[in-house]
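A.B. asks: Quick one: structure below, then a few questions.
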Amino acid sequence: MNAGTTRARRTAATALALALPLAALAACGGGSGTGTSAEQGSGTGTITVWAHQGQASEAAALQSAVRTFNSSQKKVKVKLTLIPDNDYTKTITATEASKLPDVMEFDGPTMANFVYNKKLTAIDSYVSAKTLANATEAIKAEGRFEGKQYGLGMYDSGLGIYGNKKLLDAAGVKYPTGLSDDWTAAEFTAAVQKLAAKDSDGKSLDLQESNGFANEWGTYGFAPVVWSAGGSLLKNGKATGALDTPAVVSALKTFQSWKKYVDPNTDGNAFTKGRVALSWVGHWMYPAYGKALGKDLVVLPLPDFGNGPKTGQGSWAWGIGAATKNGKAAGAFLDSLLNDTNVTAMTTANGAPPGTRTALAKSSLYKQGGPLQLFADQLTKACGDTTIDKSCVAVTRPVTAGYPTVTAKFSQALSDVYGGADPKSALDKAARAVDQDFSDNDGYKLQ
């Protein structure tokens with residue numbers, strides 16, 4: 001594995017909710033909380049802030065934002081604590097609400113669980129209307145729960161298919177130019193087969209198989225297959241009738257059929273070394289892929305299984321601790337942290353799509369005509385997590401305190417299907433397990 005790939009995979013881990021922390025959350029529940037409640041406070045004094053220790057460049061951008069805020073005024077001083085990635089979510093989960101910081105970062109899919117356990121408070125009355133209005137719809141959708149805004153992110157994420165133009169052209173494969181002429185699932189499968197026929201080892205596709213599928217990569221990377229088939233991981237609090245529909249079963253049979261053409265990519269170089277022509281992965285691989293392929297790199301949407309092309313979205317976000325005694329100061333810091341200067345600095349550091357409308361429009365990577373314009377186009381067509389139809393593309397993973405169970409059961413089913421299991425049986429089993437868990441926990445309703 002080369003250094004570029006190592007950095008890219010570290011970014012991937014940073015961008016997505018990790019399986020281990022989510023599993024830790026699954027043991028947490030009850031919604032009992034500690035009875036603490038946020039207070040507006042004086043808007044002055046010292047506030048505590050927790051964040052995950054991401055890439056060195058991300059940490060430097062965050063530390064710079066804090067220094068700038070502290071030196072720009074005398075009312076509020078921010079004390080920042082960085083906690084290692086692998087320990088971060090577990091630390092919040094294990095800490096009593098009354099001992100959590102005034103402001104904290106969290107992995108997007110964990111938000112509803114923290115609200116359920118009374119560890120986050122709504123930010124609507126603490127951050128400015130300008131900050132809320134400038135957040136992209138996708139960013140707002142991930143941080144919204146039961147009609148209130150609990151989080152906003154500096155950056156987002158997205159999925160696509162990277163293509164090697166030289167190999168595509170050599171095989172005579174026509175490919176999409178954007179969302180308007182995306183491949184159907186059948187056309188994508190035909191392209192994979194045609195490319196494989198021209199390949200010495202018969203492998204033409206990378207699915208990041210070496211990451212495994214029974215984890216958050218499985219859900220983030222391939223729930224779009226479910227959504228594009230017209231299904232859902234969860235609908236009205238139920239998985240049965242949403243996750244296990246005939247259309248979703250058919251879509252996962254198609255997914256299963258690709259395995260024979262997939263390079264296991266154990267060295268991380270399947271695409272950069274030209275062993276495969278197509279790679280199904282996210283924005284975080286662009287630096288390594290762009291460097292390796294240059295003008296031969298094309299960025300394509302995921303295939304359409306009938307309900308339009310879909311992509312996952314969401315990443316780390318910021319919120320206010322439910323026990324804060326200084327919500328006003330916390331909001332002032334978030335207003336500063338989420339301004340375009342800091343958002344641009346952070347997304348320059350990690351290559352992710354900016355989380356504000358104005359920074360996204362100006363980004364050299366994501367602006368109209370930029371190399372990653374597709375990802376921005378997808379994020380401007382946000383579905384949220386409920387109404388997933390042909391008019392939208394970027395889907396938020398289910399915003400529910402029961403998400404750890406949803407992702408664990410779906411990703412295991414996906415992994416089983418990839419390994420040869422019957423798709424209908426695997427999806428039926430997953431749906432039943434999710435519904436049983438929700439039944440046992442009264443639907444994870446807020447108390």
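In the structure tokens, each chain is lettered A, B, ... as it comes, each chain's residues begin at 1, and ligands are numbered from 1 in order of appearance.
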Find the spatial neighbours of Leu152 (chain A), counting only C-alpha atoms, within a cut-off of 12 Å - ignore same-chain residues fewer than 5 positions away - and output them as a compact mmCIF listing (two decimals) with C-alpha atoms, in the first residue's frame.
C.D. replies:
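Listing of part-v3.txt after writing:
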# COMPACT_ATOMS: atom_id res chain seq x y z
CA VAL A 103 -19.41 21.92 22.08
CA MET A 104 -18.59 18.55 20.58
CA GLU A 105 -17.99 16.96 17.25
CA PHE A 106 -19.76 13.70 16.44
CA ASP A 107 -20.01 11.24 13.59
CA GLY A 108 -23.23 12.06 11.75
CA MET A 111 -26.39 12.06 16.40
CA ALA A 122 -30.93 21.51 19.64
CA ILE A 123 -28.78 24.31 18.22
CA ASP A 124 -31.54 26.29 16.44
CA VAL A 127 -26.37 29.48 16.11
CA THR A 131 -25.22 29.96 9.66
CA LEU A 132 -28.28 27.75 9.33
CA ALA A 133 -29.28 29.25 5.99
CA ASN A 134 -25.82 28.80 4.47
CA ALA A 135 -25.57 25.11 5.38
CA THR A 136 -26.29 22.83 2.43
CA GLU A 137 -29.56 20.92 2.48
CA ALA A 138 -27.68 17.62 2.77
CA ILE A 139 -25.74 18.85 5.80
CA LYS A 140 -28.92 20.11 7.46
CA ALA A 141 -30.77 16.84 6.71
CA GLU A 142 -28.16 14.74 8.50
CA GLY A 143 -28.27 16.95 11.59
CA ARG A 144 -32.06 17.28 11.83
CA PHE A 145 -34.07 15.06 14.18
CA GLY A 314 -22.84 12.75 5.69
CA SER A 315 -19.73 13.00 7.81
CA TRP A 316 -18.55 14.54 11.06
CA ALA A 317 -20.76 17.29 12.47
CA TRP A 318 -20.79 19.78 15.35
CA GLY A 319 -23.32 20.22 18.12
CA ILE A 320 -23.85 21.58 21.62
CA GLY A 331 -23.32 29.14 19.41
CA LEU A 334 -20.03 27.47 16.00
CA ASP A 335 -20.93 30.54 13.94
CA LEU A 337 -16.19 27.63 13.04
CA LEU A 338 -18.77 27.19 10.27
CA ASN A 339 -17.91 30.33 8.33
CA VAL A 343 -14.84 25.56 6.10
CA PRO A 354 -17.66 21.92 1.76
CA GLY A 355 -20.70 21.99 4.03
CA THR A 356 -21.78 25.55 3.23
A.B. asks: Using DSSP on the backbone, list every residue of region 33-167 of chain A that comes out as helix (DSSP H, G or I), and give them as a count of residues only.
C.D. replies: 54
A.B. asks: Of the candidates A:Ala426, A:Ala352, A:Ile92, A:Ala277, which one gets nearest to Gly153 (chain A) if we count only C-alpha atoms?
C.D. replies: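 Nearest to Gly153 (chain A): A:Ala352.
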A.B. asks: CA of Ala382 (chain A) to CA of Asn117 (chain A): how many Å, to one decimal?
C.D. replies: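 The value is 27.4 Å.
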A.B. asks: Select, from A:Pro246, A:Leu252, A:Ala349, A:Ala170, the residue with the minimum atom-to-atom distance to Glu58 (chain A), counting only C-alpha atoms.
C.D. replies: A:Ala349
A.B. asks: Where does region 167-194 of chain A meet region 301-310 of chain A within 8 Å, residue by residue, with the nearest atom pair and distance in Å to one decimal for each, counting only C-alpha atoms, listed by chain and rising number, as a Markdown table?
C.D. replies:
| residue | atom | partner | partner_atom | distance |
| --- | --- | --- | --- | --- |
| A:Pro176 | CA | A:Pro301 | CA | 7.6 |
| A:Gly178 | CA | A:Pro301 | CA | 6.6 |
| A:Leu179 | CA | A:Pro301 | CA | 6.2 |
| A:Asp182 | CA | A:Pro301 | CA | 6.3 |
| A:Trp183 | CA | A:Pro303 | CA | 5.0 |
| A:Thr184 | CA | A:Asp304 | CA | 4.5 |
| A:Ala185 | CA | A:Pro303 | CA | 5.1 |
| A:Phe188 | CA | A:Pro303 | CA | 6.3 |
